[in-house]
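These notes are about the structure you will find just below.
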Amino acid sequence: MKRITLFVFGVLLSSALGAQEKVVNVYSSRHYQTDEALYADFTKATGIKINRIEGGEDSLIERIRNEGARSPANVLITVDAGRLWRAEQLGLFQPVKSATLESRIPANLREPSGLWFGFSMRARLIAYNKARVKPGEIQTYEELADPKWKGRVCMRSSTSIYNLSLLGALIDHLGEAGAEAWAKGVRSNLAVEPKGGDTDQLKAVAAGQCDVTVSNQYYYARLVRSDKPEERQVAERLGVVLPNQATWGTHVNISGGGMLKNAPHREAAIRFLEYLASDGAQRYFADGNNEWPVVASMKIDNPVLKTLGDFKRDPLNVAVLGRNQPSSQKVYDRVAWK
């Protein structure tokens with residue numbers, strides 16, 4: 001009788017563990033409608049249900065930290081390597097060893113020890129007012145600090161993770177002193193005090209409030225592909241440049257994620273991460289949210305990304321952007337960027 005009881009208990013335990021692996025709990029700061037199809041396709045292909053908690057990047061990271069060992073979260077998905085680095089510094093991730101992820105995701109777009117991975121790529125382009133700036137007149141990030149642009153530049157605040165990561169790349173390329181000289185020069189060239197998001201900067205340039213700015217390419221692509229005539233008109237007034245093609249290449253960043261340290265469904269979590277590197281998921285990132293796939297073999301159908309064409313990308317490992325983040329913030333503070 002005892003053997004039968006133990007056998008039944010073992011079967012029930014095995015079934016319970018199997019049932020547990022049929023779910024993956026994802027904490028995501030991505031708020032894009034096209035991601036709904038992404039998640040639905042994963043469940044259809046694997047039978048694994050996705051439970052999703054959405055929120056702001058910092059609030060999700062703080063929630064996971066507070067939940068500790070009791071956290072139900074398996075995977076954190078967020079935008080920008082700088083935010084993934086913040087979660088890494090809090091010890092929230094555990095390394096994933098996956099031949100699929102290592103073969104499909106370029107080494108410079110993932111954390112070297114496998115703590116987190118980039119699944120889509122975004123480039124920080126320069127946008128300019130076509131009526132006030134000639135094609136080819138500005139071609140590098142460094143030129144934004146040239147006195148010729150005094151009173152002609154719009155930028156986001158120094159707390160923007162995109163600006164922190166861009167400066168992190170410049171610190172690597174120019175050294176901290178060179179990057180500070182750049183930040184000081186750009187600060188003196190601002191037409192207005194830093195405020196708003198990337199779309200606000202693009203609209204300000206189109207309206208003539210300033211002549212040049214920087215933006216992730218998908219904000220520009222959204223305006224081009226918008227159903228609203230007034231937003232398409234904004235895009236029509238803009239020219240865009242993929243900077244630094246003659247030097248180290250255009251600054252690129254990622255949207256990505258990793259498996260959390262206390263993940264209760266590790267096998268399902270790894271399958272989900274591997275799915276995000278699949279052809280189907282990569283196509284959603286490109287077609288649905290105007291982001292470049294990280295998988296080099298993927299063909300792009302997105303008309304705006306195709307128009308931007310192939311370009312030289314900064315080969316810097318995106319983990320460096322996080323490591324340089326404290327220095328970036330200190331530089332911005334010293335030049336009173338705001």
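Each chain of the structure tokens is named A, B, ... in the order shown, its residues numbered from 1; ligands are numbered from 1 in display order.
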
Which residues in stretch 32-248 of chain A does DSSP call strand (DSSP E or B)? List them as a PyMOL selection string.
chain A and resi 49-54+75-79+93+110+117-129+153+190+212-216+238-241

Neighbours of A:Asp279 within 10 Å (only C-alpha atoms; same-chain residues fewer than 3 positions away dropped), as a PyMOL selection string?
chain A and resi 104+275-276+282-284+293+295+297-299

Pick out the residues sitting within 8 Å of A:Tyr219, and hand them over as a ChimeraX atom specification; count only C-alpha atoms, and ignore anything fewer than 3 positions along from it in its own chain.
/A:198-199,215-216,222-223

Which of these residues is nearest to A:Thr100, using only C-alpha atoms: A:Val304, A:Phe117, A:Ile64, A:Tyr141?
A:Phe117

What are the closest atom pairs, with distances in Å to one decimal, for each residue of stretch 137-204 of chain A lying within 9 Å of stretch 75-82 of chain A, using only C-alpha atoms, rows by chain and rising residue number, as JSON lines?
```
{"residue": "A:Ile161", "atom": "CA", "partner": "A:Gly82", "partner_atom": "CA", "distance": 6.6}
{"residue": "A:Tyr162", "atom": "CA", "partner": "A:Asp80", "partner_atom": "CA", "distance": 7.2}
{"residue": "A:Leu164", "atom": "CA", "partner": "A:Gly82", "partner_atom": "CA", "distance": 7.7}
{"residue": "A:Ser165", "atom": "CA", "partner": "A:Gly82", "partner_atom": "CA", "distance": 6.3}
```

Between atom CA of A:Ala235 and atom CA of A:Gly288, measure the distance and give it in Å to one decimal.
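Answer for the atom CA of A:Ala235 to atom CA of A:Gly288 separation: 18.5 Å.
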
Among the residues A:Val212, A:Ala296, A:Leu202, A:Leu60, the one that comes closest to A:Glu231 [using only C-alpha atoms]:
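The closest residue to A:Glu231 is A:Leu202.
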
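Distance annotation: of A:Lys134, A:His173, A:Arg187, A:Lys44, the residue with the minimal separation from A:Asp146 is A:Arg187; atom set is only C-alpha atoms.
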
Which of stretch 128-319 of chain A DSSP labels helix (DSSP H, G or I), written as a count of residues only:
90
